[in-house]
>>> print(open('target.cif').read())   # mmCIF, N, CA and C atoms
data_query
loop_
_atom_site.label_atom_id
_atom_site.label_comp_id
_atom_site.auth_asym_id
_atom_site.auth_seq_id
_atom_site.Cartn_x
_atom_site.Cartn_y
_atom_site.Cartn_z
N MET D 15 29.56 2.11 12.45
CA MET D 15 29.52 0.83 13.13
C MET D 15 28.49 -0.04 12.42
N LYS D 16 28.85 -1.25 12.10
CA LYS D 16 27.94 -2.18 11.43
C LYS D 16 27.42 -3.17 12.46
N PHE D 17 26.10 -3.33 12.50
CA PHE D 17 25.48 -4.24 13.44
C PHE D 17 25.26 -5.59 12.78
N PRO D 18 25.32 -6.67 13.55
CA PRO D 18 25.06 -7.99 12.96
C PRO D 18 23.59 -8.08 12.57
N PRO D 19 23.26 -8.95 11.60
CA PRO D 19 21.86 -9.09 11.23
C PRO D 19 21.06 -9.60 12.41
N GLN D 20 19.83 -9.12 12.51
CA GLN D 20 18.96 -9.50 13.61
C GLN D 20 18.38 -10.88 13.34
N PRO D 21 18.42 -11.80 14.31
CA PRO D 21 17.85 -13.12 14.10
C PRO D 21 16.36 -13.03 13.78
N GLN D 22 15.87 -13.97 12.99
CA GLN D 22 14.45 -14.01 12.62
C GLN D 22 13.59 -14.01 13.88
N GLY D 23 12.62 -13.13 13.91
CA GLY D 23 11.69 -13.08 15.04
C GLY D 23 12.29 -12.54 16.31
N ALA D 24 13.43 -11.87 16.22
CA ALA D 24 14.10 -11.42 17.44
C ALA D 24 13.37 -10.27 18.11
N SER D 25 12.61 -9.51 17.37
CA SER D 25 11.90 -8.41 17.99
C SER D 25 10.45 -8.41 17.56
N GLY D 26 9.55 -8.41 18.52
CA GLY D 26 8.14 -8.36 18.22
C GLY D 26 7.69 -6.97 17.83
N MET D 27 8.59 -6.00 17.86
CA MET D 27 8.22 -4.63 17.54
C MET D 27 7.91 -4.45 16.06
N MET D 28 8.48 -5.28 15.21
CA MET D 28 8.23 -5.17 13.79
C MET D 28 7.19 -6.21 13.39
N VAL D 29 6.28 -5.81 12.55
CA VAL D 29 5.29 -6.74 12.02
C VAL D 29 5.68 -6.97 10.56
N SER D 30 5.82 -8.21 10.17
CA SER D 30 6.26 -8.54 8.82
C SER D 30 5.28 -8.03 7.77
N LYS D 31 5.79 -7.92 6.57
CA LYS D 31 4.97 -7.49 5.45
C LYS D 31 3.81 -8.47 5.25
N THR D 32 4.09 -9.75 5.37
CA THR D 32 3.06 -10.76 5.21
C THR D 32 1.96 -10.60 6.26
N ALA D 33 2.33 -10.34 7.49
CA ALA D 33 1.33 -10.14 8.55
C ALA D 33 0.52 -8.87 8.28
N ARG D 34 1.15 -7.84 7.75
CA ARG D 34 0.41 -6.61 7.41
C ARG D 34 -0.58 -6.89 6.28
N TYR D 35 -0.17 -7.68 5.29
CA TYR D 35 -1.10 -8.07 4.22
C TYR D 35 -2.29 -8.81 4.82
N ALA D 36 -2.00 -9.70 5.77
CA ALA D 36 -3.06 -10.47 6.41
C ALA D 36 -4.02 -9.58 7.19
N LEU D 37 -3.50 -8.54 7.82
CA LEU D 37 -4.38 -7.62 8.54
C LEU D 37 -5.29 -6.86 7.57
N HIS D 38 -4.75 -6.43 6.45
CA HIS D 38 -5.59 -5.76 5.44
C HIS D 38 -6.66 -6.72 4.92
N ALA D 39 -6.26 -7.93 4.61
CA ALA D 39 -7.21 -8.93 4.11
C ALA D 39 -8.29 -9.22 5.15
N SER D 40 -7.88 -9.35 6.40
CA SER D 40 -8.84 -9.64 7.48
C SER D 40 -9.81 -8.49 7.69
N MET D 41 -9.29 -7.26 7.62
CA MET D 41 -10.18 -6.09 7.74
C MET D 41 -11.20 -6.07 6.61
N GLU D 42 -10.76 -6.37 5.40
CA GLU D 42 -11.68 -6.36 4.27
C GLU D 42 -12.73 -7.45 4.41
N MET D 43 -12.34 -8.61 4.90
CA MET D 43 -13.33 -9.67 5.13
C MET D 43 -14.30 -9.25 6.23
N ALA D 44 -13.79 -8.59 7.26
CA ALA D 44 -14.66 -8.12 8.34
C ALA D 44 -15.67 -7.10 7.82
N LEU D 45 -15.21 -6.20 6.96
CA LEU D 45 -16.11 -5.20 6.37
C LEU D 45 -17.16 -5.83 5.45
N ALA D 46 -16.78 -6.90 4.76
CA ALA D 46 -17.68 -7.54 3.80
C ALA D 46 -18.73 -8.42 4.46
N GLY D 47 -18.52 -8.78 5.71
CA GLY D 47 -19.50 -9.64 6.40
C GLY D 47 -19.56 -11.02 5.78
N GLU D 48 -20.76 -11.43 5.35
CA GLU D 48 -20.94 -12.75 4.76
C GLU D 48 -20.59 -12.80 3.29
N GLU D 49 -20.39 -11.65 2.68
CA GLU D 49 -20.01 -11.62 1.26
C GLU D 49 -18.55 -11.99 1.10
N PRO D 50 -18.22 -12.89 0.19
CA PRO D 50 -16.81 -13.25 0.01
C PRO D 50 -16.02 -12.13 -0.67
N VAL D 51 -14.77 -12.02 -0.30
CA VAL D 51 -13.87 -11.06 -0.95
C VAL D 51 -12.87 -11.86 -1.77
N THR D 52 -12.36 -11.25 -2.82
CA THR D 52 -11.42 -11.95 -3.69
C THR D 52 -10.01 -11.39 -3.55
N VAL D 53 -9.07 -12.24 -3.88
CA VAL D 53 -7.67 -11.83 -3.87
C VAL D 53 -7.49 -10.65 -4.82
N ALA D 54 -8.09 -10.75 -6.01
CA ALA D 54 -7.91 -9.70 -7.02
C ALA D 54 -8.42 -8.35 -6.53
N THR D 55 -9.56 -8.33 -5.87
CA THR D 55 -10.13 -7.08 -5.38
C THR D 55 -9.24 -6.43 -4.34
N ILE D 56 -8.78 -7.21 -3.39
CA ILE D 56 -7.95 -6.66 -2.31
C ILE D 56 -6.58 -6.27 -2.84
N ALA D 57 -6.04 -7.09 -3.74
CA ALA D 57 -4.73 -6.76 -4.33
C ALA D 57 -4.80 -5.43 -5.06
N ALA D 58 -5.88 -5.21 -5.81
CA ALA D 58 -6.04 -3.96 -6.55
C ALA D 58 -6.25 -2.78 -5.59
N ARG D 59 -7.05 -2.97 -4.55
CA ARG D 59 -7.36 -1.89 -3.61
C ARG D 59 -6.12 -1.38 -2.89
N TYR D 60 -5.24 -2.31 -2.50
CA TYR D 60 -4.07 -1.93 -1.71
C TYR D 60 -2.76 -1.93 -2.50
N GLY D 61 -2.83 -2.30 -3.77
CA GLY D 61 -1.61 -2.37 -4.59
C GLY D 61 -0.67 -3.47 -4.14
N LEU D 62 -1.23 -4.62 -3.75
CA LEU D 62 -0.44 -5.75 -3.26
C LEU D 62 -0.25 -6.79 -4.35
N PRO D 63 0.85 -7.53 -4.31
CA PRO D 63 1.05 -8.59 -5.30
C PRO D 63 0.06 -9.74 -5.07
N ARG D 64 -0.63 -10.13 -6.14
CA ARG D 64 -1.66 -11.17 -6.03
C ARG D 64 -1.11 -12.50 -5.51
N THR D 65 0.05 -12.88 -5.99
CA THR D 65 0.61 -14.16 -5.57
C THR D 65 0.85 -14.19 -4.06
N ALA D 66 1.44 -13.14 -3.53
CA ALA D 66 1.71 -13.07 -2.09
C ALA D 66 0.40 -13.05 -1.31
N LEU D 67 -0.57 -12.29 -1.81
CA LEU D 67 -1.85 -12.20 -1.11
C LEU D 67 -2.60 -13.54 -1.14
N ALA D 68 -2.50 -14.26 -2.25
CA ALA D 68 -3.14 -15.58 -2.32
C ALA D 68 -2.56 -16.51 -1.26
N LYS D 69 -1.24 -16.45 -1.05
CA LYS D 69 -0.60 -17.27 -0.02
C LYS D 69 -1.06 -16.85 1.37
N VAL D 70 -1.26 -15.55 1.55
CA VAL D 70 -1.75 -15.04 2.84
C VAL D 70 -3.13 -15.62 3.13
N PHE D 71 -4.01 -15.59 2.14
CA PHE D 71 -5.35 -16.15 2.34
C PHE D 71 -5.29 -17.64 2.65
N GLN D 72 -4.41 -18.37 1.97
CA GLN D 72 -4.26 -19.80 2.24
C GLN D 72 -3.85 -20.03 3.69
N GLN D 73 -2.93 -19.21 4.19
CA GLN D 73 -2.49 -19.34 5.58
C GLN D 73 -3.61 -18.97 6.55
N LEU D 74 -4.40 -17.95 6.22
CA LEU D 74 -5.54 -17.59 7.08
C LEU D 74 -6.54 -18.74 7.16
N VAL D 75 -6.74 -19.44 6.05
CA VAL D 75 -7.63 -20.61 6.05
C VAL D 75 -7.02 -21.72 6.91
N ARG D 76 -5.72 -22.01 6.72
CA ARG D 76 -5.06 -23.05 7.53
C ARG D 76 -5.11 -22.72 9.02
N ALA D 77 -5.04 -21.44 9.35
CA ALA D 77 -5.07 -21.01 10.76
C ALA D 77 -6.49 -21.03 11.32
N GLY D 78 -7.48 -21.29 10.48
CA GLY D 78 -8.87 -21.34 10.95
C GLY D 78 -9.52 -19.97 11.09
N LEU D 79 -8.91 -18.95 10.51
CA LEU D 79 -9.46 -17.60 10.62
C LEU D 79 -10.35 -17.23 9.44
N ALA D 80 -10.21 -17.95 8.33
CA ALA D 80 -11.00 -17.66 7.13
C ALA D 80 -11.44 -18.97 6.49
N VAL D 81 -12.45 -18.85 5.64
CA VAL D 81 -12.90 -19.98 4.84
C VAL D 81 -12.95 -19.52 3.39
N GLY D 82 -12.63 -20.42 2.49
CA GLY D 82 -12.62 -20.08 1.08
C GLY D 82 -13.68 -20.86 0.33
N THR D 83 -14.22 -20.23 -0.71
CA THR D 83 -15.20 -20.86 -1.58
C THR D 83 -14.70 -20.70 -3.01
N ARG D 84 -14.66 -21.81 -3.74
CA ARG D 84 -14.18 -21.78 -5.12
C ARG D 84 -15.30 -21.48 -6.08
N GLY D 85 -14.91 -21.09 -7.28
CA GLY D 85 -15.87 -20.93 -8.37
C GLY D 85 -16.41 -19.51 -8.49
N VAL D 86 -17.37 -19.38 -9.41
CA VAL D 86 -18.00 -18.08 -9.66
C VAL D 86 -18.69 -17.63 -8.37
N GLY D 87 -18.44 -16.40 -8.01
CA GLY D 87 -19.02 -15.87 -6.77
C GLY D 87 -18.28 -16.31 -5.53
N GLY D 88 -17.17 -16.99 -5.72
CA GLY D 88 -16.38 -17.47 -4.59
C GLY D 88 -15.45 -16.39 -4.05
N GLY D 89 -14.69 -16.78 -3.08
CA GLY D 89 -13.76 -15.87 -2.44
C GLY D 89 -13.53 -16.31 -1.01
N TYR D 90 -13.19 -15.37 -0.16
CA TYR D 90 -12.87 -15.67 1.23
C TYR D 90 -13.72 -14.83 2.16
N ARG D 91 -14.04 -15.41 3.31
CA ARG D 91 -14.73 -14.68 4.37
C ARG D 91 -14.19 -15.18 5.70
N LEU D 92 -14.43 -14.42 6.75
CA LEU D 92 -13.97 -14.82 8.08
C LEU D 92 -14.72 -16.06 8.55
N SER D 93 -14.06 -16.89 9.31
CA SER D 93 -14.68 -18.11 9.84
C SER D 93 -15.47 -17.84 11.12
N ARG D 94 -15.22 -16.71 11.75
CA ARG D 94 -15.91 -16.32 12.98
C ARG D 94 -16.28 -14.86 12.87
N PRO D 95 -17.14 -14.38 13.75
CA PRO D 95 -17.48 -12.95 13.73
C PRO D 95 -16.23 -12.11 13.97
N PRO D 96 -16.16 -10.92 13.37
CA PRO D 96 -14.99 -10.04 13.56
C PRO D 96 -14.71 -9.72 15.03
N SER D 97 -15.74 -9.73 15.85
CA SER D 97 -15.55 -9.45 17.27
C SER D 97 -14.83 -10.58 17.99
N ALA D 98 -14.78 -11.77 17.36
CA ALA D 98 -14.15 -12.93 17.98
C ALA D 98 -12.73 -13.20 17.46
N ILE D 99 -12.23 -12.30 16.62
CA ILE D 99 -10.88 -12.45 16.08
C ILE D 99 -10.08 -11.20 16.43
N SER D 100 -8.97 -11.40 17.12
CA SER D 100 -8.14 -10.26 17.52
C SER D 100 -7.04 -10.01 16.48
N VAL D 101 -6.48 -8.83 16.54
CA VAL D 101 -5.34 -8.50 15.70
C VAL D 101 -4.20 -9.49 15.99
N LEU D 102 -4.04 -9.86 17.26
CA LEU D 102 -3.01 -10.82 17.64
C LEU D 102 -3.26 -12.18 16.99
N ASP D 103 -4.52 -12.61 16.89
CA ASP D 103 -4.83 -13.88 16.23
C ASP D 103 -4.28 -13.88 14.80
N VAL D 104 -4.49 -12.78 14.10
CA VAL D 104 -4.03 -12.67 12.72
C VAL D 104 -2.51 -12.65 12.66
N ILE D 105 -1.89 -11.79 13.43
CA ILE D 105 -0.43 -11.66 13.41
C ILE D 105 0.24 -12.96 13.82
N ALA D 106 -0.27 -13.61 14.86
CA ALA D 106 0.34 -14.84 15.37
C ALA D 106 0.29 -15.97 14.35
N SER D 107 -0.61 -15.89 13.38
CA SER D 107 -0.68 -16.90 12.33
C SER D 107 0.49 -16.80 11.37
N PHE D 108 1.19 -15.67 11.40
CA PHE D 108 2.28 -15.42 10.46
C PHE D 108 3.63 -15.23 11.14
N GLU D 109 3.62 -14.91 12.42
CA GLU D 109 4.86 -14.63 13.12
C GLU D 109 4.92 -15.38 14.44
N PRO D 110 5.82 -16.34 14.54
CA PRO D 110 5.95 -17.01 15.83
C PRO D 110 6.47 -16.02 16.87
N PRO D 111 6.02 -16.14 18.09
CA PRO D 111 6.51 -15.21 19.11
C PRO D 111 8.00 -15.39 19.37
N ARG D 112 8.67 -14.30 19.63
CA ARG D 112 10.08 -14.36 20.03
C ARG D 112 10.08 -14.96 21.42
N GLY D 113 10.81 -16.01 21.59
CA GLY D 113 10.86 -16.66 22.89
C GLY D 113 11.35 -15.71 23.96
N SER D 114 10.65 -15.71 25.08
CA SER D 114 11.10 -14.91 26.21
C SER D 114 12.50 -15.40 26.58
N ARG D 115 13.31 -14.50 26.95
CA ARG D 115 14.69 -14.78 27.35
C ARG D 115 15.59 -15.04 26.14
N ARG D 116 15.10 -14.86 24.93
CA ARG D 116 15.92 -15.06 23.73
C ARG D 116 16.81 -13.85 23.55
N CYS D 117 18.07 -14.12 23.24
CA CYS D 117 19.04 -13.04 23.06
C CYS D 117 18.72 -12.23 21.82
N LEU D 118 18.92 -10.93 21.90
CA LEU D 118 18.65 -10.03 20.78
C LEU D 118 19.84 -9.92 19.83
N VAL D 119 21.00 -10.37 20.25
CA VAL D 119 22.20 -10.20 19.46
C VAL D 119 22.78 -11.54 19.01
N SER D 120 22.82 -12.49 19.90
CA SER D 120 23.44 -13.78 19.61
C SER D 120 22.71 -14.49 18.48
N GLU D 121 23.49 -15.10 17.60
CA GLU D 121 22.90 -15.89 16.52
C GLU D 121 22.98 -17.37 16.83
N ALA D 122 23.20 -17.72 18.09
CA ALA D 122 23.25 -19.12 18.50
C ALA D 122 21.90 -19.78 18.24
N LYS D 123 21.95 -21.00 17.77
CA LYS D 123 20.70 -21.71 17.42
C LYS D 123 19.75 -21.84 18.60
N ASP D 124 20.29 -21.99 19.80
CA ASP D 124 19.43 -22.14 20.96
C ASP D 124 18.94 -20.80 21.51
N GLY D 125 19.45 -19.69 20.95
CA GLY D 125 19.02 -18.36 21.37
C GLY D 125 19.57 -17.93 22.71
N ALA D 126 20.50 -18.71 23.24
CA ALA D 126 21.05 -18.41 24.56
C ALA D 126 21.78 -17.06 24.54
N CYS D 127 21.57 -16.31 25.60
CA CYS D 127 22.21 -15.01 25.73
C CYS D 127 23.49 -15.16 26.56
N PRO D 128 24.58 -14.60 26.06
CA PRO D 128 25.83 -14.72 26.82
C PRO D 128 25.87 -13.83 28.06
N GLN D 129 24.88 -12.95 28.22
CA GLN D 129 24.86 -12.02 29.36
C GLN D 129 23.61 -12.25 30.21
N PRO D 130 23.70 -13.07 31.25
CA PRO D 130 22.53 -13.26 32.12
C PRO D 130 22.12 -11.92 32.74
N GLY D 131 20.83 -11.71 32.84
CA GLY D 131 20.33 -10.47 33.44
C GLY D 131 20.47 -9.27 32.52
N CYS D 132 20.57 -9.49 31.23
CA CYS D 132 20.73 -8.40 30.26
C CYS D 132 19.53 -7.46 30.32
N GLY D 133 19.79 -6.22 30.61
CA GLY D 133 18.72 -5.23 30.71
C GLY D 133 18.03 -4.99 29.39
N LEU D 134 18.76 -5.09 28.29
CA LEU D 134 18.17 -4.88 26.97
C LEU D 134 17.17 -5.98 26.65
N ARG D 135 17.56 -7.21 26.91
CA ARG D 135 16.66 -8.33 26.66
C ARG D 135 15.41 -8.19 27.52
N ASN D 136 15.60 -7.82 28.77
CA ASN D 136 14.44 -7.65 29.65
C ASN D 136 13.50 -6.55 29.13
N LEU D 137 14.07 -5.47 28.62
CA LEU D 137 13.27 -4.39 28.06
C LEU D 137 12.45 -4.89 26.88
N PHE D 138 13.08 -5.64 25.97
CA PHE D 138 12.36 -6.17 24.81
C PHE D 138 11.31 -7.19 25.23
N ASP D 139 11.59 -8.00 26.24
CA ASP D 139 10.58 -8.93 26.74
C ASP D 139 9.35 -8.17 27.23
N GLU D 140 9.56 -7.09 27.97
CA GLU D 140 8.45 -6.28 28.47
C GLU D 140 7.70 -5.61 27.32
N ALA D 141 8.44 -5.07 26.35
CA ALA D 141 7.81 -4.42 25.20
C ALA D 141 7.00 -5.43 24.39
N ASP D 142 7.55 -6.62 24.19
CA ASP D 142 6.82 -7.66 23.46
C ASP D 142 5.52 -8.01 24.17
N GLU D 143 5.58 -8.14 25.48
CA GLU D 143 4.38 -8.49 26.25
C GLU D 143 3.33 -7.38 26.14
N LEU D 144 3.76 -6.13 26.21
CA LEU D 144 2.83 -5.01 26.08
C LEU D 144 2.20 -5.00 24.69
N LEU D 145 3.01 -5.22 23.68
CA LEU D 145 2.51 -5.25 22.31
C LEU D 145 1.53 -6.39 22.10
N ARG D 146 1.87 -7.58 22.59
CA ARG D 146 0.96 -8.74 22.47
C ARG D 146 -0.35 -8.46 23.20
N SER D 147 -0.27 -7.84 24.37
CA SER D 147 -1.47 -7.51 25.12
C SER D 147 -2.34 -6.52 24.35
N THR D 148 -1.72 -5.51 23.76
CA THR D 148 -2.45 -4.51 22.98
C THR D 148 -3.10 -5.15 21.77
N PHE D 149 -2.32 -5.91 20.98
CA PHE D 149 -2.87 -6.56 19.80
C PHE D 149 -3.97 -7.56 20.17
N GLY D 150 -3.80 -8.22 21.31
CA GLY D 150 -4.80 -9.18 21.76
C GLY D 150 -6.09 -8.53 22.21
N SER D 151 -6.03 -7.26 22.59
CA SER D 151 -7.22 -6.57 23.10
C SER D 151 -8.03 -5.87 22.00
N VAL D 152 -7.52 -5.88 20.78
CA VAL D 152 -8.21 -5.20 19.68
C VAL D 152 -8.77 -6.24 18.72
N SER D 153 -10.09 -6.26 18.59
CA SER D 153 -10.73 -7.20 17.67
C SER D 153 -10.81 -6.58 16.28
N LEU D 154 -11.07 -7.41 15.29
CA LEU D 154 -11.25 -6.89 13.93
C LEU D 154 -12.44 -5.94 13.87
N SER D 155 -13.49 -6.21 14.64
CA SER D 155 -14.64 -5.30 14.62
C SER D 155 -14.26 -3.93 15.16
N THR D 156 -13.43 -3.88 16.18
CA THR D 156 -12.95 -2.61 16.71
C THR D 156 -12.08 -1.91 15.68
N LEU D 157 -11.24 -2.67 15.01
CA LEU D 157 -10.34 -2.11 14.01
C LEU D 157 -11.10 -1.49 12.85
N ILE D 158 -12.13 -2.15 12.39
CA ILE D 158 -12.88 -1.58 11.25
C ILE D 158 -13.76 -0.41 11.70
N ARG D 159 -14.19 -0.40 12.95
CA ARG D 159 -14.94 0.75 13.48
C ARG D 159 -14.06 1.98 13.52
N LYS D 160 -12.80 1.80 13.94
CA LYS D 160 -11.86 2.92 14.01
C LYS D 160 -11.50 3.42 12.62
N ARG D 161 -11.53 2.54 11.65
CA ARG D 161 -11.19 2.91 10.28
C ARG D 161 -12.24 3.84 9.72
N GLY D 162 -13.51 3.56 10.09
CA GLY D 162 -14.69 4.21 9.58
C GLY D 162 -14.67 5.65 9.39
#
>>> encode(input="target.cif", output="structure tokens")
Amino acid sequence: MKFPPQPQGASGMMVSKTARYALHASMEMALAGEEPVTVATIAARYGLPRTALAKVFQQLVRAGLAVGTRGVGGGYRLSRPPSAISVLDVIASFEPPRGSRRCLVSEAKDGACPQPGCGLRNLFDEADELLRSTFGSVSLSTLIRKRG
């Protein structure tokens, strides 16, 4: 049986590759404290493509989670203490939330579900909320402590 492609952002259960790159970058900035980290260093450490990681850092800056410094000795650092930035803050900068009540199967532009009261959609809505709550309750400082 072949399933239709899943609409973009249809399930909060998966975290995109870009968001995972951002979490690694954010953890490294949290570990570095006030010292800037570079794209090259993190790309080498995790085996990530530099171009993609550079775009991730640019988005973290646009989201207000990081600040960048150009030139010799430059790089990126967190804009706030690691305890003030949650995993959800980082992920939400890269993945818009799946709208509650959005159909998991329909590819309609408005996301309308043809089955009112769909138990599957309700299950995913509950799972998304639990996941958002969990990610929102874990700060970068907690994440790097657990890594330790």
>>> closest_residue(input="target.cif", among="D:Thr65, D:Ser100, D:Ser151, D:Thr52", to="Thr83 (chain D)", atoms="only C-alpha atoms")
D:Thr52
>>> resolve_selection(input="target.cif", expression="the PyMOL selection byres (((chain D and resi 86 and name CA) around 12) and name CA)", output="list of chain:residue names")
D:Pro50, D:Val51, D:Thr52, D:Thr83, D:Arg84, D:Gly85, D:Gly87, D:Gly88, D:Gly89
>>> resolve_selection(input="target.cif", expression="the PyMOL selection byres ((chain D and resi 44) around 8)", output="mmCIF file with N, CA and C atoms, keeping the file's coordinate frame")
data_model
loop_
_atom_site.group_PDB
_atom_site.id
_atom_site.type_symbol
_atom_site.label_atom_id
_atom_site.label_comp_id
_atom_site.auth_asym_id
_atom_site.auth_seq_id
_atom_site.Cartn_x
_atom_site.Cartn_y
_atom_site.Cartn_z
ATOM 1 N N HIS D 38 -4.750 -6.430 6.450
ATOM 2 C CA HIS D 38 -5.590 -5.760 5.440
ATOM 3 C C HIS D 38 -6.660 -6.720 4.920
ATOM 4 N N ALA D 39 -6.260 -7.930 4.610
ATOM 5 C CA ALA D 39 -7.210 -8.930 4.110
ATOM 6 C C ALA D 39 -8.290 -9.220 5.150
ATOM 7 N N SER D 40 -7.880 -9.350 6.400
ATOM 8 C CA SER D 40 -8.840 -9.640 7.480
ATOM 9 C C SER D 40 -9.810 -8.490 7.690
ATOM 10 N N MET D 41 -9.290 -7.260 7.620
ATOM 11 C CA MET D 41 -10.180 -6.090 7.740
ATOM 12 C C MET D 41 -11.200 -6.070 6.610
ATOM 13 N N GLU D 42 -10.760 -6.370 5.400
ATOM 14 C CA GLU D 42 -11.680 -6.360 4.270
ATOM 15 C C GLU D 42 -12.730 -7.450 4.410
ATOM 16 N N MET D 43 -12.340 -8.610 4.900
ATOM 17 C CA MET D 43 -13.330 -9.670 5.130
ATOM 18 C C MET D 43 -14.300 -9.250 6.230
ATOM 19 N N LEU D 45 -15.210 -6.200 6.960
ATOM 20 C CA LEU D 45 -16.110 -5.200 6.370
ATOM 21 C C LEU D 45 -17.160 -5.830 5.450
ATOM 22 N N ALA D 46 -16.780 -6.900 4.760
ATOM 23 C CA ALA D 46 -17.680 -7.540 3.800
ATOM 24 C C ALA D 46 -18.730 -8.420 4.460
ATOM 25 N N GLY D 47 -18.520 -8.780 5.710
ATOM 26 C CA GLY D 47 -19.500 -9.640 6.400
ATOM 27 C C GLY D 47 -19.560 -11.020 5.780
ATOM 28 N N GLU D 48 -20.760 -11.430 5.350
ATOM 29 C CA GLU D 48 -20.940 -12.750 4.760
ATOM 30 C C GLU D 48 -20.590 -12.800 3.290
ATOM 31 N N ARG D 91 -14.040 -15.410 3.310
ATOM 32 C CA ARG D 91 -14.730 -14.680 4.370
ATOM 33 C C ARG D 91 -14.190 -15.180 5.700
ATOM 34 N N LEU D 92 -14.430 -14.420 6.750
ATOM 35 C CA LEU D 92 -13.970 -14.820 8.080
ATOM 36 C C LEU D 92 -14.720 -16.060 8.550
ATOM 37 N N PRO D 95 -17.140 -14.380 13.750
ATOM 38 C CA PRO D 95 -17.480 -12.950 13.730
ATOM 39 C C PRO D 95 -16.230 -12.110 13.970
ATOM 40 N N PRO D 96 -16.160 -10.920 13.370
ATOM 41 C CA PRO D 96 -14.990 -10.040 13.560
ATOM 42 C C PRO D 96 -14.710 -9.720 15.030
ATOM 43 N N SER D 97 -15.740 -9.730 15.850
ATOM 44 C CA SER D 97 -15.550 -9.450 17.270
ATOM 45 C C SER D 97 -14.830 -10.580 17.990
ATOM 46 N N LEU D 154 -11.070 -7.410 15.290
ATOM 47 C CA LEU D 154 -11.250 -6.890 13.930
ATOM 48 C C LEU D 154 -12.440 -5.940 13.870
ATOM 49 N N SER D 155 -13.490 -6.210 14.640
ATOM 50 C CA SER D 155 -14.640 -5.300 14.620
ATOM 51 C C SER D 155 -14.260 -3.930 15.160
ATOM 52 N N ILE D 158 -12.130 -2.150 12.390
ATOM 53 C CA ILE D 158 -12.880 -1.580 11.250
ATOM 54 C C ILE D 158 -13.760 -0.410 11.700
#
>>> atom_distance(input="target.cif", atom1="atom C of Thr32 (chain D)", atom2="CA of Phe108 (chain D)")
6.4 Å
>>> select_by_dssp(input="target.cif", residues="region 28-158 of chain D", states="helix (DSSP H, G or I)", output="PyMOL selection string")
chain D and resi 31-46+53-60+64-76+96-98+101-106+133-151+154-158
>>> residues_near_point(input="target.cif", point="(1.7, -5.9, 20.6)", cutoff="12 Å", atoms="only C-alpha atoms", output="number ranges by chain")
D: 25-29, 100-106, 109, 111-112, 138-152
